[in-house]
$ cat run-v7.cif   # mmCIF, C-alpha atoms
data_model
loop_
_atom_site.label_atom_id
_atom_site.label_comp_id
_atom_site.auth_asym_id
_atom_site.auth_seq_id
_atom_site.Cartn_x
_atom_site.Cartn_y
_atom_site.Cartn_z
CA GLU A 1 -40.60 13.96 -10.01
CA ALA A 2 -37.27 15.56 -10.73
CA MET A 3 -37.30 14.00 -14.20
CA GLU A 4 -40.73 15.47 -14.95
CA GLU A 5 -39.56 18.93 -13.92
CA LEU A 6 -36.62 18.77 -16.34
CA PRO A 7 -38.10 17.94 -19.76
CA LYS A 8 -34.97 19.20 -21.55
CA LEU A 9 -33.05 16.17 -20.33
CA GLY A 10 -34.33 14.23 -23.31
CA ILE A 11 -34.78 11.06 -21.25
CA SER A 12 -37.93 9.61 -19.72
CA ARG A 13 -38.33 8.31 -16.20
CA GLU A 14 -38.80 4.78 -17.63
CA HIS A 15 -35.65 5.06 -19.73
CA ALA A 16 -33.68 6.22 -16.68
CA ARG A 17 -35.06 3.31 -14.65
CA ARG A 18 -33.95 0.80 -17.32
CA ASN A 19 -30.46 2.33 -17.41
CA TYR A 20 -30.23 2.08 -13.63
CA ILE A 21 -31.27 -1.59 -13.63
CA ASN A 22 -29.11 -2.59 -16.59
CA ALA A 23 -26.03 -0.88 -15.21
CA GLY A 24 -25.76 -3.61 -12.61
CA LEU A 25 -26.41 -6.45 -15.04
CA GLU A 26 -24.30 -5.77 -18.08
CA ALA A 27 -20.91 -6.71 -16.58
CA PRO A 28 -21.16 -8.79 -13.41
CA GLU A 29 -18.05 -8.83 -11.26
CA LYS A 30 -15.67 -11.74 -11.70
CA GLU A 31 -14.23 -13.65 -8.80
CA SER A 32 -10.70 -12.72 -7.82
CA SER A 33 -8.07 -14.71 -9.69
CA ILE A 34 -6.06 -14.84 -6.45
CA ARG A 35 -7.54 -17.64 -4.33
CA ILE A 36 -6.55 -18.52 -0.79
CA GLU A 37 -6.58 -22.25 -1.56
CA ASP A 38 -3.78 -21.69 -4.09
CA PHE A 39 -1.50 -20.45 -1.29
CA SER A 40 -1.86 -23.26 1.23
CA ASP A 41 1.93 -23.28 1.74
CA VAL A 42 1.76 -19.62 2.80
CA MET A 43 -1.25 -19.68 5.13
CA ASP A 44 0.37 -20.21 8.53
CA ALA A 45 -2.36 -21.03 11.08
CA SER A 46 -0.65 -19.19 13.93
CA VAL A 47 -0.33 -16.01 11.85
CA GLU A 48 -3.95 -16.32 10.75
CA ALA A 49 -4.97 -16.45 14.40
CA VAL A 50 -3.11 -13.20 15.09
CA LEU A 51 -4.70 -11.64 12.00
CA GLU A 52 -8.17 -12.58 13.26
CA GLU A 53 -7.32 -11.00 16.62
CA VAL A 54 -6.31 -7.76 14.87
CA LEU A 55 -9.43 -7.77 12.68
CA GLU A 56 -11.64 -8.24 15.73
CA GLU A 57 -9.99 -5.22 17.35
CA LEU A 58 -10.44 -3.12 14.18
CA SER A 59 -14.09 -4.08 13.47
CA LEU A 60 -13.73 -3.08 9.82
CA PRO A 61 -17.01 -2.71 7.86
CA TYR A 62 -15.78 -5.12 5.17
CA ARG A 63 -14.07 -8.48 4.77
CA LEU A 64 -10.54 -8.78 3.52
CA ALA A 65 -10.22 -9.81 -0.11
CA PRO A 66 -8.35 -13.08 -0.70
CA PHE A 67 -5.20 -11.30 -1.91
CA GLN A 68 -5.22 -9.04 1.15
CA ARG A 69 -5.50 -11.97 3.55
CA VAL A 70 -2.77 -13.95 1.78
CA GLY A 71 -0.52 -10.88 1.69
CA VAL A 72 -0.85 -10.13 5.41
CA VAL A 73 -0.27 -13.77 6.40
CA ALA A 74 2.74 -14.03 4.07
CA LEU A 75 4.40 -10.97 5.64
CA GLY A 76 3.43 -12.10 9.13
CA SER A 77 5.12 -15.44 8.58
CA GLY A 78 8.37 -13.79 7.48
CA ARG A 79 7.92 -14.07 3.71
CA HIS A 80 8.71 -11.22 1.31
CA LEU A 81 5.81 -10.16 -0.92
CA VAL A 82 5.26 -8.78 -4.43
CA THR A 83 1.74 -7.55 -5.15
CA VAL A 84 0.55 -6.46 -8.60
CA VAL A 85 -3.16 -5.72 -8.26
CA GLY A 86 -5.29 -3.07 -9.99
CA THR A 87 -5.84 0.47 -8.78
CA GLY A 88 -8.56 0.82 -6.15
CA GLU A 89 -8.52 -2.83 -5.10
CA GLY A 90 -6.99 -2.10 -1.68
CA LYS A 91 -3.29 -2.97 -1.87
CA MET A 92 -2.41 -0.51 0.89
CA THR A 93 -4.56 -2.51 3.32
CA ILE A 94 -1.84 -5.18 3.32
CA PRO A 95 1.02 -3.14 4.85
CA LEU A 96 -1.34 -1.21 7.14
CA ILE A 97 -2.77 -4.35 8.74
CA SER A 98 0.62 -6.08 8.57
CA ALA A 99 2.06 -3.29 10.72
CA LEU A 100 -0.40 -4.23 13.48
CA VAL A 101 0.10 -7.97 13.01
CA ALA A 102 3.91 -7.58 13.11
CA ARG A 103 3.71 -5.79 16.46
CA LYS A 104 2.07 -8.83 17.99
CA ILE A 105 4.11 -11.53 16.24
CA GLN A 106 7.46 -9.83 16.78
CA ALA A 107 6.56 -8.81 20.34
CA GLN A 108 7.43 -5.21 19.51
CA PRO A 109 4.48 -3.02 20.64
CA LYS A 110 6.25 0.07 19.28
CA GLY A 111 6.98 -1.48 15.89
CA VAL A 112 6.84 0.70 12.77
CA MET A 113 6.23 -0.29 9.15
CA VAL A 114 8.12 2.10 6.85
CA ILE A 115 6.45 2.74 3.49
CA THR A 116 7.74 4.76 0.52
CA GLN A 117 5.38 6.38 -1.98
CA PRO A 118 6.33 8.60 -4.92
CA LEU A 119 3.51 11.18 -4.67
CA THR A 120 2.41 13.46 -1.84
CA GLY A 121 -1.27 13.02 -2.73
CA LEU A 122 -1.07 9.27 -2.19
CA MET A 123 0.53 9.72 1.22
CA MET A 124 -1.95 12.32 2.42
CA GLN A 125 -4.85 10.00 1.59
CA GLN A 126 -3.54 7.55 4.16
CA LEU A 127 -3.82 10.06 7.01
CA GLU A 128 -7.55 9.28 7.07
CA ASN A 129 -7.30 5.50 6.72
CA PRO A 130 -9.55 3.51 9.13
CA ILE A 131 -6.93 0.91 10.08
CA CYS A 132 -4.12 2.63 11.98
CA SER A 133 -2.48 5.97 12.70
CA VAL A 134 0.03 7.05 10.06
CA ALA A 135 2.93 9.49 10.31
CA VAL A 136 4.01 11.23 7.09
CA LEU A 137 7.53 12.39 6.30
CA SER A 138 7.20 14.82 3.39
CA MET A 139 9.41 17.25 1.52
CA SER A 140 8.66 20.91 0.85
CA GLY A 141 9.57 22.18 -2.59
CA GLN A 142 11.38 20.09 -5.18
CA LEU A 143 11.90 16.46 -4.21
CA THR A 144 15.56 16.21 -3.34
CA ALA A 145 17.68 15.50 -0.32
CA ASP A 146 19.43 18.87 -0.73
CA THR A 147 18.86 20.89 2.44
CA GLU A 148 21.14 23.87 1.96
CA ASP A 149 19.81 27.30 2.93
CA GLY A 150 16.80 28.09 0.82
CA GLY A 151 16.41 24.48 -0.30
CA PRO A 152 13.57 22.08 0.51
CA LYS A 153 13.45 20.40 3.89
CA ALA A 154 11.70 17.35 5.28
CA HIS A 155 8.71 17.70 7.60
CA LEU A 156 7.18 15.12 9.93
CA SER A 157 3.39 15.20 10.43
CA CYS A 158 3.69 14.26 14.11
CA SER A 159 6.23 14.82 16.84
CA ARG A 160 9.42 12.77 16.81
CA GLU A 161 8.73 11.72 20.39
CA ASP A 162 5.28 10.31 19.53
CA LEU A 163 6.68 8.32 16.60
CA LEU A 164 9.43 6.79 18.71
CA ALA A 165 6.92 6.10 21.49
CA GLY A 166 5.03 3.80 19.14
CA MET A 167 1.92 5.93 18.66
CA PHE A 168 2.16 5.52 14.86
CA PRO A 169 2.46 1.95 13.52
CA VAL A 170 3.21 3.27 10.01
CA LEU A 171 5.67 5.88 8.73
CA LEU A 172 5.06 7.03 5.14
CA GLY A 173 7.45 9.15 3.10
CA HIS A 174 8.94 9.97 -0.28
CA PRO A 175 12.12 7.99 -0.88
CA GLU A 176 13.94 11.34 -0.97
CA SER A 177 12.44 12.32 2.38
CA PHE A 178 14.17 9.40 4.07
CA ALA A 179 17.48 10.52 2.54
CA SER A 180 17.18 13.96 4.17
CA PRO A 181 18.95 14.74 7.48
CA LEU A 182 15.62 14.49 9.33
CA GLY A 183 14.78 11.22 7.61
CA GLN A 184 18.17 9.72 8.37
CA SER A 185 17.94 10.85 11.99
CA LEU A 186 14.50 9.24 12.39
CA LEU A 187 15.64 6.00 10.76
CA ALA A 188 18.73 5.84 12.98
CA ALA A 189 16.60 6.36 16.11
CA LEU A 190 14.11 3.69 15.03
CA GLN A 191 17.02 1.35 14.29
CA ARG A 192 18.53 1.89 17.74
CA ASN A 193 15.16 1.00 19.26
CA ASN A 194 14.84 -2.03 16.97
CA GLN A 195 11.43 -0.71 15.89
CA ILE A 196 11.30 -1.12 12.09
CA THR A 197 9.32 -4.32 11.55
CA GLY A 198 9.00 -4.14 7.77
CA ILE A 199 9.63 -2.11 4.61
CA CYS A 200 7.06 -1.46 1.88
CA ILE A 201 7.83 0.06 -1.53
CA ASP A 202 4.58 1.25 -3.10
CA GLU A 203 4.18 2.00 -6.83
CA PHE A 204 7.49 0.34 -7.66
CA HIS A 205 6.86 0.71 -11.39
CA THR A 206 7.28 4.48 -11.03
CA ASN A 207 10.61 3.87 -9.31
CA LEU A 208 11.72 2.08 -12.45
CA HIS A 209 10.11 4.47 -14.97
CA TRP A 210 11.09 7.81 -13.40
CA SER A 211 14.85 7.26 -13.53
CA ALA A 212 15.24 10.32 -15.80
CA PHE A 213 14.28 12.91 -13.18
CA ARG A 214 14.24 10.98 -9.88
CA PRO A 215 17.23 8.67 -10.44
CA GLU A 216 17.85 7.91 -6.77
CA MET A 217 14.27 6.91 -5.90
CA MET A 218 14.67 3.14 -6.10
CA ARG A 219 18.09 3.10 -4.43
CA GLN A 220 16.77 5.23 -1.56
CA SER A 221 13.73 2.97 -1.18
CA THR A 222 15.68 -0.27 -1.06
CA GLY A 223 18.32 1.28 1.22
CA LEU A 224 15.74 1.42 4.01
CA ARG A 225 16.30 -2.29 4.65
CA ALA A 226 19.58 -1.43 6.36
CA PHE A 227 17.65 0.15 9.24
CA ALA A 228 15.14 -2.67 9.78
CA ARG A 229 15.06 -5.38 12.43
CA LYS A 230 16.68 -8.72 11.65
CA GLY A 231 14.26 -10.78 9.61
CA ALA A 232 12.09 -7.79 8.65
CA THR A 233 10.07 -8.46 5.52
CA VAL A 234 9.79 -6.41 2.33
CA CYS A 235 6.49 -5.72 0.57
CA ILE A 236 6.64 -4.42 -3.01
CA MET A 237 3.42 -3.18 -4.63
CA THR A 238 2.08 -1.62 -7.82
CA ALA A 239 -1.05 -1.66 -9.98
CA THR A 240 0.54 -2.61 -13.29
CA ALA A 241 3.89 -4.15 -14.17
CA THR A 242 5.37 -6.39 -16.81
CA GLU A 243 7.06 -9.68 -15.95
CA LYS A 244 10.43 -8.04 -16.64
CA GLU A 245 9.66 -5.17 -14.27
CA VAL A 246 8.72 -7.61 -11.52
CA HIS A 247 11.92 -9.56 -12.12
CA ASP A 248 14.02 -6.37 -12.19
CA VAL A 249 12.63 -4.96 -8.94
CA VAL A 250 13.08 -8.27 -7.07
CA LYS A 251 16.69 -8.36 -8.29
CA PHE A 252 17.24 -4.68 -7.43
CA VAL A 253 15.89 -5.05 -3.90
CA GLY A 254 18.22 -8.01 -3.39
CA LEU A 255 15.77 -10.45 -1.83
CA ARG A 256 17.64 -13.62 -0.89
CA SER A 257 14.52 -15.76 -0.62
CA LYS A 258 11.84 -16.07 -3.29
CA PRO A 259 8.95 -13.70 -2.51
CA VAL A 260 5.29 -14.64 -2.52
CA MET A 261 3.81 -13.37 -5.80
CA LEU A 262 0.27 -11.97 -5.88
CA LEU A 263 -0.31 -11.14 -9.54
CA GLN A 264 -3.72 -10.18 -10.91
CA ASN A 265 -5.01 -8.80 -14.20
CA PRO A 266 -5.20 -4.99 -13.80
CA VAL A 267 -8.44 -4.73 -15.82
CA GLN A 268 -11.14 -3.55 -13.41
CA ASP A 269 -14.27 -5.52 -14.23
CA HIS A 270 -16.28 -3.87 -11.47
CA ILE A 271 -16.31 -0.57 -13.40
CA LYS A 272 -19.34 -0.52 -15.71
CA LEU A 273 -19.98 2.04 -18.42
CA SER A 274 -23.46 2.83 -19.71
CA LEU A 275 -24.25 5.26 -22.54
CA VAL A 276 -27.15 7.54 -21.67
#
$ encode --input "run-v7.cif" --output "structure tokens"
Amino acid sequence: EAMEELPKLGISREHARRNYINAGLEAPEKESSIRIEDFSDVMDASVEAVLEEVLEELSLPYRLAPFQRVGVVALGSGRHLVTVVGTGEGKMTIPLISALVARKIQAQPKGVMVITQPLTGLMMQQLENPICSVAVLSMSGQLTADTEDGGPKAHLSCSREDLLAGMFPVLLGHPESFASPLGQSLLAALQRNNQITGICIDEFHTNLHWSAFRPEMMRQSTGLRAFARKGATVCIMTATATEKEVHDVVKFVGLRSKPVMLLQNPVQDHIKLSLV
């Protein structure tokens, strides 16, 4: 009816119907190139059991993708992880669920996964995530650790007491935020309580590319490992990266053991374009 009331559209109801039908047929989705059966050496049965327990508690309205399941189990079993998977595929689900899994496996009910992200917008999106409560450590003004009078300062989205009490399984922040006096104080307190169960560096390719105007970003991100529990794992994620960039970041982070690599073509086949 709406079509008939808008003759200036230049498209008939039948034409619109064909476009709607064809849109779902022109480019069917491909199966993920990351298959669970290819990571049999990673899939620890005891960690999978804990993961299933966490998923039952969460009651998420979707199933984990193969790369998400492999990633969570890898981190839960004490393996470092590098994930290069396209934008919008759900990389952040890995550290969020891993934060809950680590609390159970490491017997640390107040455990905190510390995640660095380069952009405020990315961090704020996670405040509404359906998996776990997230605390955000952000900077006001220009991103720098300078806190002299009139300069930018770090802000925590929750109270310090609630974070240390374990009410937030995840702490997100700019790399520079963690270098601020507030950030260093929080990290030191979490270290004293043996609470940091893992470190995640998101969008690591920007850490490498933005050296011109945020030269300390990668060093500040990798420096977080000094505050973590013994045996804490490192998760490194991005949407696109060359083989050299992956090699460089693994070397820069200083991982002593070979990380599990989840590498997938960044082309998003599920996005379909139709000319109307």
$ residues_near_point --input "run-v7.cif" --point "(8.7, -12.3, 1.9)" --cutoff "7 Å" --atoms "all atoms listed in the file" --output "count of residues only"
10
$ closest_atom_pairs --input "run-v7.cif" --of "segment 169-272 of chain A" --to "segment 96-118 of chain A" --cutoff "6 Å" --atoms "all atoms listed in the file" --output "Markdown table"
| residue | atom | partner | partner_atom | distance |
| --- | --- | --- | --- | --- |
| A:Pro169 | CA | A:Val112 | CA | 4.6 |
| A:Val170 | CA | A:Met113 | CA | 4.7 |
| A:Leu171 | CA | A:Val114 | CA | 4.9 |
| A:Leu172 | CA | A:Ile115 | CA | 4.8 |
| A:Gly173 | CA | A:Thr116 | CA | 5.1 |
| A:His174 | CA | A:Gln117 | CA | 5.3 |
| A:Pro175 | CA | A:Thr116 | CA | 5.6 |
| A:Gln195 | CA | A:Gly111 | CA | 4.5 |
| A:Ile196 | CA | A:Val112 | CA | 4.9 |
| A:Thr197 | CA | A:Met113 | CA | 5.6 |
| A:Gly198 | CA | A:Met113 | CA | 4.9 |
| A:Ile199 | CA | A:Val114 | CA | 5.0 |
| A:Cys200 | CA | A:Ile115 | CA | 4.5 |
| A:Ile201 | CA | A:Thr116 | CA | 5.1 |
| A:Asp202 | CA | A:Gln117 | CA | 5.3 |
$ resolve_selection --input "run-v7.cif" --expression "the PyMOL selection byres ((chain A and resi 204) around 10)" --output "ChimeraX atom specification"
/A:82,84,116-118,200-203,205-209,217-218,221,236-241,245-246,249
$ resolve_selection --input "run-v7.cif" --expression "the PyMOL selection byres ((chain A and resi 73) around 8)" --output "JSON, numbers by chain"
{"A": [42, 43, 44, 47, 48, 51, 69, 70, 71, 72, 74, 75, 76, 77]}
$ closest_residue --input "run-v7.cif" --among "A:Leu262, A:Ala23, A:Leu119, A:Leu64" --to "Val85 of chain A" --atoms "all atoms listed in the file"
A:Leu262
$ atom_distance --input "run-v7.cif" --atom1 "atom CA of Ser185 of chain A" --atom2 "atom CA of Cys132 of chain A"
23.5 Å
$ residues_around --input "run-v7.cif" --residues "Ser133 of chain A" --least-positions-apart "4" --cutoff "9 Å" --atoms "all atoms listed in the file" --output "PyMOL selection string"
chain A and resi 126-129+167-170
$ closest_residue --input "run-v7.cif" --among "A:Met123, A:Leu137, A:Leu163, A:Leu58" --to "Ser177 of chain A" --atoms "only C-alpha atoms"
A:Leu137
$ axis_aligned_box --input "run-v7.cif" --around "segment 242-251 of chain A" --padding-each-side "4 Å" --output "JSON"
{"center_x": 11.0, "center_y": -7.3, "center_z": -11.9, "size_x": 19.3, "size_y": 12.7, "size_z": 17.7}
$ resolve_selection --input "run-v7.cif" --expression "the PyMOL selection byres ((chain A and resi 265) around 9)" --output "list in words"
Ser33, Val84, Val85, Gly86, Thr240, Leu263, Gln264, Pro266, Val267 and Gln268 of chain A
